[in-house]
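Okay, start_27.cif now, which holds mmCIF, C-alpha atoms:
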data_model
loop_
_atom_site.label_atom_id
_atom_site.label_comp_id
_atom_site.auth_asym_id
_atom_site.auth_seq_id
_atom_site.Cartn_x
_atom_site.Cartn_y
_atom_site.Cartn_z
CA MET G 149 0.00 0.00 0.00
CA GLY G 150 1.17 3.51 -0.78
CA GLU G 151 1.51 6.39 1.60
CA GLN G 152 -1.65 7.24 3.53
CA THR G 153 -3.67 10.36 2.75
CA GLN G 154 -5.36 12.35 5.51
CA ALA G 155 -8.78 13.98 5.75
CA ASP G 156 -10.87 15.69 8.43
CA CYS G 157 -14.63 15.74 8.95
CA ASP G 158 -17.18 16.56 11.60
CA VAL G 159 -19.20 13.34 11.29
CA ALA G 160 -18.01 9.99 9.93
CA ILE G 161 -20.85 7.58 9.16
CA VAL G 162 -19.65 3.98 9.03
CA GLY G 163 -22.14 2.00 6.97
CA GLY G 164 -23.74 3.25 3.77
CA GLY G 165 -26.89 1.15 3.82
CA LEU G 166 -30.31 2.72 4.12
CA ALA G 167 -29.82 3.95 7.69
CA GLY G 168 -26.38 5.44 7.09
CA ALA G 169 -27.35 7.02 3.77
CA SER G 170 -30.54 8.44 5.34
CA LEU G 171 -28.46 10.11 8.05
CA ALA G 172 -26.09 11.55 5.47
CA VAL G 173 -29.07 13.06 3.62
CA GLY G 174 -30.56 14.35 6.87
CA LEU G 175 -27.32 16.18 7.64
CA LEU G 176 -27.05 17.92 4.24
CA PRO G 177 -28.73 21.16 5.40
CA LEU G 178 -26.27 21.50 8.28
CA PRO G 179 -22.84 23.18 8.00
CA LEU G 180 -21.08 19.91 8.77
CA ARG G 181 -18.40 18.03 6.86
CA VAL G 182 -19.71 14.48 6.53
CA ALA G 183 -17.94 11.31 5.38
CA LEU G 184 -19.74 8.07 4.51
CA ILE G 185 -17.75 4.83 4.64
CA GLU G 186 -19.29 1.73 3.04
CA ALA G 187 -17.83 -1.71 2.30
CA THR G 188 -19.78 -2.18 -0.96
CA PRO G 189 -20.23 0.08 -4.01
CA PRO G 190 -22.54 2.98 -3.11
CA GLY G 191 -26.25 2.93 -3.84
CA GLY G 192 -26.78 -0.82 -4.07
CA ALA G 193 -29.67 -2.45 -2.20
CA PRO G 194 -31.27 -5.90 -2.10
CA ASP G 195 -34.26 -6.64 -4.32
CA ARG G 196 -36.66 -6.66 -1.37
CA ALA G 197 -39.27 -4.32 0.07
CA LEU G 198 -39.67 -2.71 3.48
CA GLY G 199 -42.85 -1.72 5.25
CA LEU G 200 -42.50 1.99 6.10
CA ASN G 201 -44.81 3.37 8.76
CA ASP G 202 -46.19 6.92 8.84
CA ALA G 203 -43.41 8.30 11.07
CA THR G 204 -40.82 6.96 8.64
CA ARG G 205 -42.67 8.53 5.71
CA ARG G 206 -42.59 11.88 7.46
CA ILE G 207 -38.87 11.53 8.25
CA LEU G 208 -38.08 10.79 4.61
CA GLU G 209 -40.32 13.69 3.61
CA SER G 210 -38.48 16.06 5.96
CA PHE G 211 -35.18 14.82 4.49
CA GLY G 212 -36.46 15.78 1.01
CA VAL G 213 -36.55 12.30 -0.58
CA TRP G 214 -40.12 11.04 -0.17
CA ASP G 215 -41.35 12.57 -3.44
CA ALA G 216 -38.77 10.47 -5.31
CA ILE G 217 -39.67 7.30 -3.38
CA GLU G 218 -43.47 7.55 -3.40
CA PRO G 219 -44.06 6.45 -7.03
CA ASP G 220 -42.66 3.02 -6.13
CA ALA G 221 -44.34 2.79 -2.71
CA GLU G 222 -47.57 0.80 -2.42
CA PRO G 223 -49.95 2.27 0.21
CA ILE G 224 -51.04 -0.08 2.99
CA ARG G 225 -54.66 0.91 3.61
CA ALA G 226 -55.51 -1.81 6.11
CA THR G 227 -53.88 -4.58 8.13
CA HIS G 228 -55.40 -7.94 9.00
CA ILE G 229 -53.89 -9.93 11.89
CA SER G 230 -54.94 -13.53 12.56
CA GLU G 231 -53.79 -16.87 13.88
CA ARG G 232 -54.00 -20.04 11.86
CA GLY G 233 -56.74 -22.32 13.16
CA ARG G 234 -58.41 -19.62 15.31
CA PHE G 235 -61.27 -17.17 14.65
CA GLY G 236 -59.87 -14.13 16.47
CA VAL G 237 -58.89 -11.35 14.06
CA ALA G 238 -57.60 -7.80 14.59
CA ARG G 239 -58.04 -5.19 11.90
CA PHE G 240 -56.62 -1.69 11.49
CA THR G 241 -57.52 0.78 8.76
CA ALA G 242 -56.08 4.03 7.49
CA GLU G 243 -59.54 5.57 7.85
CA GLU G 244 -59.47 4.82 11.60
CA ALA G 245 -56.07 6.50 11.83
CA GLY G 246 -57.20 9.54 9.84
CA LEU G 247 -54.42 8.95 7.30
CA PRO G 248 -54.31 8.15 3.57
CA ALA G 249 -52.30 5.01 4.45
CA LEU G 250 -51.08 3.15 7.52
CA GLY G 251 -47.75 2.73 5.79
CA TYR G 252 -46.10 1.94 2.49
CA ASN G 253 -44.51 -1.26 1.20
CA THR G 254 -41.47 0.11 -0.60
CA PRO G 255 -38.62 -1.47 -2.61
CA MET G 256 -35.28 -1.02 -0.89
CA ARG G 257 -33.74 -0.14 -4.25
CA ALA G 258 -36.12 2.80 -4.66
CA ILE G 259 -35.17 4.15 -1.22
CA ALA G 260 -31.44 3.75 -1.92
CA ALA G 261 -31.74 5.39 -5.34
CA ALA G 262 -33.52 8.43 -3.90
CA LEU G 263 -31.00 8.82 -1.08
CA PHE G 264 -27.90 8.59 -3.25
CA ALA G 265 -29.39 10.90 -5.87
CA ARG G 266 -29.61 13.54 -3.11
CA LEU G 267 -26.05 12.85 -2.02
CA LYS G 268 -24.55 13.12 -5.49
CA ASP G 269 -22.34 16.21 -5.74
CA ALA G 270 -23.51 17.37 -2.29
CA PRO G 271 -21.26 20.01 -0.69
CA ARG G 272 -19.16 19.11 2.35
CA PHE G 273 -19.84 15.43 1.71
CA ALA G 274 -17.38 12.64 0.87
CA VAL G 275 -18.04 8.98 0.23
CA PHE G 276 -15.46 6.22 0.62
CA ALA G 277 -16.85 3.11 -1.07
CA PRO G 278 -16.07 0.36 -1.43
CA ALA G 279 -13.77 0.76 1.56
CA GLU G 280 -13.07 -1.14 4.75
CA LEU G 281 -12.66 0.35 8.19
CA LYS G 282 -9.38 -1.12 9.41
CA SER G 283 -9.01 0.58 12.79
CA LEU G 284 -10.68 3.06 15.11
CA GLN G 285 -8.96 4.99 17.87
CA VAL G 286 -10.89 7.37 20.11
CA GLU G 287 -9.29 10.39 21.77
CA ALA G 288 -10.79 13.07 24.01
CA ASP G 289 -11.80 15.44 21.22
CA ARG G 290 -11.85 13.24 18.11
CA ALA G 291 -11.83 9.76 16.63
CA LEU G 292 -9.15 8.50 14.27
CA LEU G 293 -10.27 6.09 11.55
CA ARG G 294 -8.04 4.19 9.17
CA ILE G 295 -9.80 3.28 5.93
CA GLU G 296 -8.61 0.96 3.18
CA PRO G 297 -10.25 1.43 -0.25
CA ARG G 298 -11.25 -1.76 -2.09
CA GLY G 299 -11.85 -2.89 -5.66
CA ALA G 300 -11.67 -0.23 -8.37
CA ALA G 301 -11.30 2.38 -5.63
CA ALA G 302 -8.17 0.70 -4.24
CA GLY G 303 -5.29 3.04 -3.58
CA PRO G 304 -3.46 4.57 -0.66
CA GLY G 305 -5.01 4.08 2.75
CA ILE G 306 -6.86 7.00 4.27
CA SER G 307 -6.49 8.39 7.76
CA LEU G 308 -9.68 10.20 8.72
CA LYS G 309 -10.24 12.43 11.75
CA ALA G 310 -13.83 12.91 12.93
CA ARG G 311 -15.44 14.63 15.88
CA LEU G 312 -18.27 12.06 15.86
CA VAL G 313 -18.53 8.53 14.48
CA VAL G 314 -22.01 7.15 13.78
CA ALA G 315 -21.92 3.37 13.49
CA ALA G 316 -24.65 2.27 11.08
CA ASP G 317 -22.77 -0.81 9.92
CA GLY G 318 -25.25 -3.55 10.70
CA ALA G 319 -25.79 -6.38 13.15
CA GLN G 320 -22.14 -7.46 12.96
CA SER G 321 -20.89 -3.90 13.47
CA ALA G 322 -17.14 -3.54 12.95
CA VAL G 323 -17.18 -0.36 15.04
CA ARG G 324 -18.79 -2.18 17.95
CA GLY G 325 -16.22 -4.96 17.67
CA MET G 326 -13.27 -2.56 17.60
CA LEU G 327 -14.54 -0.83 20.73
CA GLY G 328 -15.11 -4.12 22.55
CA ILE G 329 -18.82 -3.49 23.10
CA GLY G 330 -20.85 -6.64 23.60
CA THR G 331 -24.34 -7.62 22.52
CA ARG G 332 -27.38 -9.46 23.79
CA ALA G 333 -28.31 -11.95 21.09
CA HIS G 334 -31.02 -14.54 20.56
CA ASP G 335 -31.31 -17.11 17.79
CA TYR G 336 -35.00 -17.72 17.06
CA ARG G 337 -34.15 -20.89 15.11
CA GLN G 338 -36.38 -19.54 12.39
CA THR G 339 -35.64 -18.56 8.81
CA ALA G 340 -37.58 -16.06 6.71
CA ILE G 341 -38.25 -17.15 3.13
CA VAL G 342 -38.84 -14.02 1.07
CA CYS G 343 -40.19 -13.57 -2.46
CA ASP G 344 -43.04 -12.01 -4.43
CA VAL G 345 -46.19 -13.89 -5.37
CA GLN G 346 -49.09 -13.21 -7.73
CA PRO G 347 -52.41 -13.75 -5.93
CA GLU G 348 -55.61 -14.75 -7.67
CA ARG G 349 -57.51 -11.87 -6.05
CA PRO G 350 -56.46 -8.20 -5.84
CA HIS G 351 -54.74 -7.34 -2.57
CA ALA G 352 -56.74 -4.06 -2.25
CA GLY G 353 -53.94 -2.49 -0.23
CA VAL G 354 -54.35 -4.91 2.69
CA ALA G 355 -51.32 -6.23 4.59
CA TYR G 356 -51.76 -9.58 6.30
CA GLU G 357 -49.91 -10.89 9.36
CA ARG G 358 -50.80 -14.50 10.13
CA PHE G 359 -49.33 -16.35 13.07
CA ALA G 360 -48.50 -20.03 12.77
CA PRO G 361 -46.65 -22.40 15.13
CA GLU G 362 -43.42 -22.24 13.09
CA GLY G 363 -43.47 -18.43 12.93
CA PRO G 364 -45.36 -15.44 11.50
CA ILE G 365 -46.37 -15.12 7.86
CA ALA G 366 -46.59 -11.66 6.27
CA VAL G 367 -48.24 -10.89 2.95
CA LEU G 368 -47.69 -7.28 1.91
CA PRO G 369 -49.17 -5.38 -1.05
CA ARG G 370 -46.85 -4.32 -3.86
CA ARG G 371 -47.40 -2.40 -7.07
CA GLY G 372 -49.27 -4.21 -9.83
CA ASP G 373 -51.33 -6.45 -7.53
CA VAL G 374 -48.24 -8.42 -6.62
CA CYS G 375 -47.61 -9.29 -2.97
CA GLY G 376 -44.35 -9.59 -1.13
CA ILE G 377 -44.29 -12.46 1.34
CA VAL G 378 -42.21 -13.27 4.41
CA TRP G 379 -42.81 -16.92 5.31
CA THR G 380 -41.15 -17.76 8.61
CA VAL G 381 -40.34 -21.45 9.03
CA ALA G 382 -38.23 -23.58 11.33
CA THR G 383 -34.63 -23.27 10.19
CA GLU G 384 -34.23 -27.02 9.73
CA ARG G 385 -36.96 -26.93 7.06
CA ALA G 386 -35.87 -23.78 5.24
CA ALA G 387 -33.47 -25.34 2.71
CA GLU G 388 -36.03 -27.95 1.71
CA ILE G 389 -38.82 -25.39 1.22
CA ARG G 390 -36.60 -23.02 -0.70
CA ALA G 391 -35.65 -25.88 -3.07
CA TRP G 392 -39.26 -26.78 -3.91
CA ASP G 393 -40.36 -26.10 -7.46
CA ASP G 394 -42.80 -23.22 -7.93
CA ALA G 395 -45.94 -25.38 -7.98
CA ARG G 396 -45.10 -27.10 -4.71
CA PHE G 397 -43.97 -23.86 -3.09
CA LEU G 398 -47.17 -22.03 -4.03
CA SER G 399 -49.29 -24.93 -2.83
CA GLY G 400 -47.40 -25.11 0.47
CA PHE G 401 -47.63 -21.38 1.02
CA HIS G 402 -51.36 -21.39 0.24
CA ALA G 403 -51.86 -24.14 2.84
CA ALA G 404 -49.94 -22.10 5.43
CA PHE G 405 -51.55 -18.72 4.69
CA GLY G 406 -55.12 -19.58 3.79
CA HIS G 407 -57.70 -18.55 1.20
CA ARG G 408 -58.15 -14.79 1.64
CA LEU G 409 -56.35 -13.93 -1.60
CA GLY G 410 -57.37 -17.05 -3.49
CA ARG G 411 -54.72 -19.24 -5.08
CA PHE G 412 -51.20 -17.99 -5.69
CA LEU G 413 -50.35 -18.14 -9.38
CA ARG G 414 -46.61 -17.54 -9.60
CA ALA G 415 -43.58 -16.79 -7.42
CA THR G 416 -40.26 -15.07 -7.94
CA PRO G 417 -36.98 -16.75 -6.88
CA ARG G 418 -36.81 -17.24 -3.13
CA GLN G 419 -34.29 -15.79 -0.68
CA ALA G 420 -33.73 -17.05 2.87
CA PHE G 421 -32.59 -15.16 5.97
CA PRO G 422 -31.91 -16.74 9.39
CA LEU G 423 -33.61 -14.69 12.10
CA HIS G 424 -31.81 -13.36 15.16
CA ALA G 425 -32.19 -10.51 17.60
CA VAL G 426 -28.97 -8.62 18.34
CA LEU G 427 -28.99 -5.66 20.73
CA SER G 428 -25.88 -3.62 21.39
CA GLU G 429 -25.15 -3.37 25.11
CA ARG G 430 -24.62 0.36 24.63
CA LEU G 431 -26.10 3.00 22.34
CA THR G 432 -23.07 5.29 22.65
CA SER G 433 -19.38 5.25 23.46
CA PRO G 434 -17.08 8.28 23.70
CA ARG G 435 -17.29 10.08 20.32
CA VAL G 436 -19.47 7.23 18.92
CA ILE G 437 -23.22 6.70 18.40
CA PHE G 438 -24.83 3.43 17.33
CA ALA G 439 -27.86 3.63 15.03
CA GLY G 440 -30.02 1.31 12.96
CA ASN G 441 -29.07 -2.36 12.90
CA ALA G 442 -25.77 -1.60 14.64
CA ALA G 443 -27.84 -0.56 17.66
CA GLN G 444 -30.49 -3.25 17.36
CA THR G 445 -31.42 -5.94 14.87
CA LEU G 446 -34.90 -7.35 15.45
CA HIS G 447 -37.13 -10.15 14.23
CA PRO G 448 -39.09 -8.85 11.19
CA VAL G 449 -42.50 -9.54 12.77
CA ALA G 450 -44.70 -6.43 12.53
CA ALA G 451 -42.06 -4.73 10.31
CA GLN G 452 -40.59 -2.67 13.15
CA GLY G 453 -36.81 -2.86 12.59
CA PHE G 454 -36.09 -0.31 9.85
CA ASN G 455 -38.69 2.10 11.21
CA LEU G 456 -37.05 1.98 14.64
CA GLY G 457 -33.62 2.51 13.07
CA LEU G 458 -34.81 5.51 11.09
CA ARG G 459 -36.02 7.10 14.32
CA ASP G 460 -32.45 6.63 15.59
CA VAL G 461 -31.22 8.47 12.49
CA ALA G 462 -33.77 11.27 12.82
CA THR G 463 -32.78 11.78 16.46
CA VAL G 464 -29.09 12.07 15.54
CA ALA G 465 -29.90 14.63 12.83
CA GLU G 466 -32.09 16.63 15.20
CA LEU G 467 -29.44 16.72 17.93
CA LEU G 468 -26.65 17.69 15.54
CA ALA G 469 -28.70 20.63 14.22
CA SER G 470 -28.03 22.55 17.44
CA ALA G 471 -24.67 21.07 18.50
CA ARG G 472 -21.44 23.02 18.73
CA ASP G 473 -19.42 19.83 19.15
CA PRO G 474 -20.99 16.84 17.33
CA GLY G 475 -19.34 14.36 19.69
CA ALA G 476 -19.79 16.18 22.99
CA PRO G 477 -20.68 13.97 26.00
CA GLU G 478 -23.95 15.85 26.57
CA LEU G 479 -25.06 15.11 23.00
CA LEU G 480 -24.31 11.41 23.44
CA GLN G 481 -26.23 11.41 26.71
CA ALA G 482 -29.21 13.12 25.08
CA TYR G 483 -29.24 10.50 22.32
CA GLU G 484 -29.24 7.69 24.91
CA GLU G 485 -32.08 9.29 26.84
CA ARG G 486 -34.23 9.88 23.76
CA ARG G 487 -33.75 6.47 22.20
CA ALA G 488 -33.58 4.03 25.14
CA ALA G 489 -37.30 3.74 25.90
CA ASP G 490 -38.42 3.46 22.25
CA ARG G 491 -35.78 0.83 21.58
CA ALA G 492 -36.62 -1.21 24.70
CA ARG G 493 -40.35 -1.11 23.99
CA ILE G 494 -40.10 -2.21 20.36
CA ALA G 495 -37.47 -4.89 21.08
CA GLU G 496 -39.66 -6.35 23.83
CA PHE G 497 -42.80 -6.10 21.69
CA THR G 498 -41.34 -7.98 18.72
CA ASP G 499 -39.67 -10.61 20.90
CA ARG G 500 -42.86 -11.21 22.89
CA LEU G 501 -44.93 -11.57 19.71
CA VAL G 502 -42.59 -14.21 18.32
CA ARG G 503 -42.29 -16.17 21.57
CA THR G 504 -46.02 -16.03 22.29
CA PHE G 505 -47.24 -17.09 18.85
CA SER G 506 -44.43 -19.37 17.64
CA ASN G 507 -45.54 -22.39 19.64
CA ASP G 508 -48.59 -24.58 20.08
CA LEU G 509 -48.81 -24.85 23.87
CA PRO G 510 -52.46 -25.43 24.87
CA GLY G 511 -52.40 -22.83 27.66
CA LEU G 512 -51.38 -20.07 25.27
CA ARG G 513 -53.81 -20.81 22.46
CA GLY G 514 -56.85 -19.48 24.32
CA ALA G 515 -54.94 -16.44 25.60
CA ARG G 516 -53.81 -15.56 22.08
CA HIS G 517 -57.35 -15.88 20.79
CA LEU G 518 -58.68 -13.57 23.51
CA GLY G 519 -55.80 -11.14 22.90
CA LEU G 520 -56.64 -10.75 19.22
CA LEU G 521 -60.32 -10.28 20.04
CA ALA G 522 -59.48 -7.65 22.67
CA LEU G 523 -57.20 -5.87 20.22
CA ASP G 524 -60.07 -5.62 17.75
CA LEU G 525 -62.84 -4.76 20.24
CA LEU G 526 -61.27 -2.53 22.92
CA PRO G 527 -60.80 1.01 21.54
CA THR G 528 -58.10 2.13 24.01
CA VAL G 529 -55.97 -0.97 23.45
CA LYS G 530 -56.41 -0.74 19.71
CA ALA G 531 -55.51 2.96 19.65
CA ALA G 532 -52.32 2.36 21.66
CA VAL G 533 -51.17 -0.44 19.36
CA MET G 534 -52.01 1.60 16.26
CA ARG G 535 -50.03 4.57 17.57
CA GLN G 536 -47.03 2.33 18.18
CA ASN G 537 -47.26 0.74 14.74
CA LEU G 538 -47.46 4.18 13.13
CA GLY G 539 -44.21 5.12 14.92
CA TYR G 540 -45.56 7.65 17.42
CA ALA G 541 -45.68 5.75 20.72
CA GLY G 542 -42.63 7.31 22.37
CA ALA G 543 -40.58 10.48 22.17
CA THR G 544 -40.99 11.37 18.51
CA PRO G 545 -37.95 12.97 16.82
CA GLY G 546 -38.54 16.31 15.12
CA PRO G 547 -38.29 15.03 11.53
CA ALA G 548 -41.10 12.53 12.28
CA ARG G 549 -43.24 15.53 13.24
CA GLY G 550 -42.46 17.21 9.92
CA LEU G 551 -39.68 19.44 11.25
CA ARG G 552 -36.64 20.07 9.06
CA THR G 553 -33.15 19.65 10.51
CA ALA G 554 -32.29 23.18 9.46
#
Encoding of this model in structure tokens:
Amino acid sequence: MGEQTQADCDVAIVGGGLAGASLAVGLLPLPLRVALIEATPPGGAPDRALGLNDATRRILESFGVWDAIEPDAEPIRATHISERGRFGVARFTAEEAGLPALGYNTPMRAIAAALFARLKDAPRFAVFAPAELKSLQVEADRALLRIEPRGAAAGPGISLKARLVVAADGAQSAVRGMLGIGTRAHDYRQTAIVCDVQPERPHAGVAYERFAPEGPIAVLPRRGDVCGIVWTVATERAAEIRAWDDARFLSGFHAAFGHRLGRFLRATPRQAFPLHAVLSERLTSPRVIFAGNAAQTLHPVAAQGFNLGLRDVATVAELLASARDPGAPELLQAYEERRAADRARIAEFTDRLVRTFSNDLPGLRGARHLGLLALDLLPTVKAAVMRQNLGYAGATPGPARGLRTA
């Protein structure tokens, strides 16, 4: 390797996925020098969709990218929650919430494209990708990062000084590892099989969450009357199910999900993702903030993970808008205080859902049935759950209330 080059910035974002890129966009109005470090070429995203709740929509709107995303986003006008083999059903509608949609099922590629279009040629912004973070050293007033470019970008190593590092580098965060910060992890012994299917009947903007003993099943509306599915199965069966031909797969999925959308006529190639929960033991470290999946990676039940992570991002952007020193201890403390309760509540909620419904114990079956009925029939309970699912249950960051960062 040649001689290292040196650069300074106010904020170094490690991880250029959707959370890291969203933060970079959220910081554009501020007079901050921002660097984004990503291990893969910039702007790429998996061919999957995410369910965005209303708070997330408003954050992306306040960051100036929702107009570019919306044409690819399918509105979710109602949700239908049920348990296989039971009659209890809970329903939520956008009309009840007083909104045009409860959320939007949105391709990850559309989100990434809108974010990186905003970042292109942005002032005071630098991207290092593909590049690997090789070391991180924290001093009293700054962090020192050593970056090694990869692939076509390979060249001299880069020594980067930053007043704040935001780790948005995923469940296996390199930043967390370098700082020796542990995690609380749980293997659900479940695997999500993900693809698109063509239903016989129009989805009408309804998202379905159906609980089965092996794990939850989600069927989410997409553009063109296609549905995205997340079929959670026991990990030991995942390889077999993924290898089924289309006819057998569609028949098996129909048997698991039920008849509400008629038969399923075709399926796209399947992907499989083992499911774990990973929570960082700390949300901050001197001169470092953890956000998105680097702070918490959750089971995908109820589509809470990305929405929670974007509230992390919005909180960072809001705090930095009025900060003299981006990495000051009081800013880190404020981030901890604002994010801890929301994070704990959503992590417990998703974990409890999975553990309660992913079994067939006789004592729990009746309780689950009554719980779904109560959720549908008791207005105060239903309103509280709806508010949480919309992203407004806790301390809501300014961008989720429509406030701009500058």
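The nearest approach to Phe211 (chain G) among the residues G:Arg332, G:Phe505, G:Val286, G:Ala462, with all atoms listed in the file taken into account, belongs to G:Ala462.
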Task: Å distance separating CA of Gly168 (chain G) from CA of Asn455 (chain G), one decimal place - done: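 Atom-to-atom, CA of Gly168 (chain G) and CA of Asn455 (chain G) are spaced 13.4 Å apart.
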Name the residues captured by the PyMOL selection byres ((chain G and resi 382-399) around 8) when it is applied to the shown file; answer as an mmCIF file with C-alpha atoms, in the coordinates of the input.
data_model
loop_
_atom_site.group_PDB
_atom_site.id
_atom_site.type_symbol
_atom_site.label_atom_id
_atom_site.label_comp_id
_atom_site.auth_asym_id
_atom_site.auth_seq_id
_atom_site.Cartn_x
_atom_site.Cartn_y
_atom_site.Cartn_z
ATOM 1 C CA ARG G 337 -34.150 -20.890 15.110
ATOM 2 C CA GLN G 338 -36.380 -19.540 12.390
ATOM 3 C CA THR G 339 -35.640 -18.560 8.810
ATOM 4 C CA ILE G 341 -38.250 -17.150 3.130
ATOM 5 C CA GLU G 362 -43.420 -22.240 13.090
ATOM 6 C CA GLY G 363 -43.470 -18.430 12.930
ATOM 7 C CA THR G 380 -41.150 -17.760 8.610
ATOM 8 C CA VAL G 381 -40.340 -21.450 9.030
ATOM 9 C CA GLY G 400 -47.400 -25.110 0.470
ATOM 10 C CA PHE G 401 -47.630 -21.380 1.020
ATOM 11 C CA HIS G 402 -51.360 -21.390 0.240
ATOM 12 C CA ALA G 403 -51.860 -24.140 2.840
ATOM 13 C CA PHE G 412 -51.200 -17.990 -5.690
ATOM 14 C CA LEU G 413 -50.350 -18.140 -9.380
ATOM 15 C CA ARG G 414 -46.610 -17.540 -9.600
ATOM 16 C CA ALA G 415 -43.580 -16.790 -7.420
ATOM 17 C CA ARG G 418 -36.810 -17.240 -3.130
ATOM 18 C CA GLN G 419 -34.290 -15.790 -0.680
ATOM 19 C CA ALA G 420 -33.730 -17.050 2.870
ATOM 20 C CA PRO G 422 -31.910 -16.740 9.390
#
Open item on the list: Assuming the chain letters and numbering stay as they are in my file, what does the PyMOL selection byres ((chain G and resi 325) around 12) actually select? List them as a list in words.
Closed with: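 With the shown file as input, the PyMOL selection byres ((chain G and resi 325) around 12) matches Leu281, Lys282, Ser283, Leu284, Ala315, Asp317, Gly318, Ala319, Gln320, Ser321, Ala322, Val323, Arg324, Met326, Leu327, Gly328, Ile329, Gly330, Thr331, Ser428, Glu429 and Ala442 of chain G.
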Task: Protein, DNA and RNA residues within 12 Å of (-46.2, -5.1, -10.0), all atoms listed in the file, as an MDAnalysis selection string - done: chainID G and resid 220:222 253:255 344:347 350:351 369:376 416
- [ ] Quote the spacing between CA of Met534 (chain G) and CA of Ala495 (chain G) in Å to one decimal place.
- [x] 16.6 Å
- [ ] Starting from the displayed file, determine the output of the PyMOL selection byres ((chain G and resi 551) around 12) and express the residue list as a PyMOL selection string.
- [x] chain G and resi 174+203+206-212+462-463+465-466+469+544-550+552-554
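Minimum atom-to-atom distances from G:Leu312, G:Leu184, G:Ala450, G:Ala443 to Arg358 (chain G) were compared using all atoms listed in the file, and the lowest value belongs to G:Ala450.
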Open item on the list: Report, in Å with one decimal, the straight-line distance from CA of Pro527 (chain G) to CA of Val237 (chain G).
Closed with: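 Taking CA of Pro527 (chain G) as the start and CA of Val237 (chain G) as the end point, the length is 14.6 Å.
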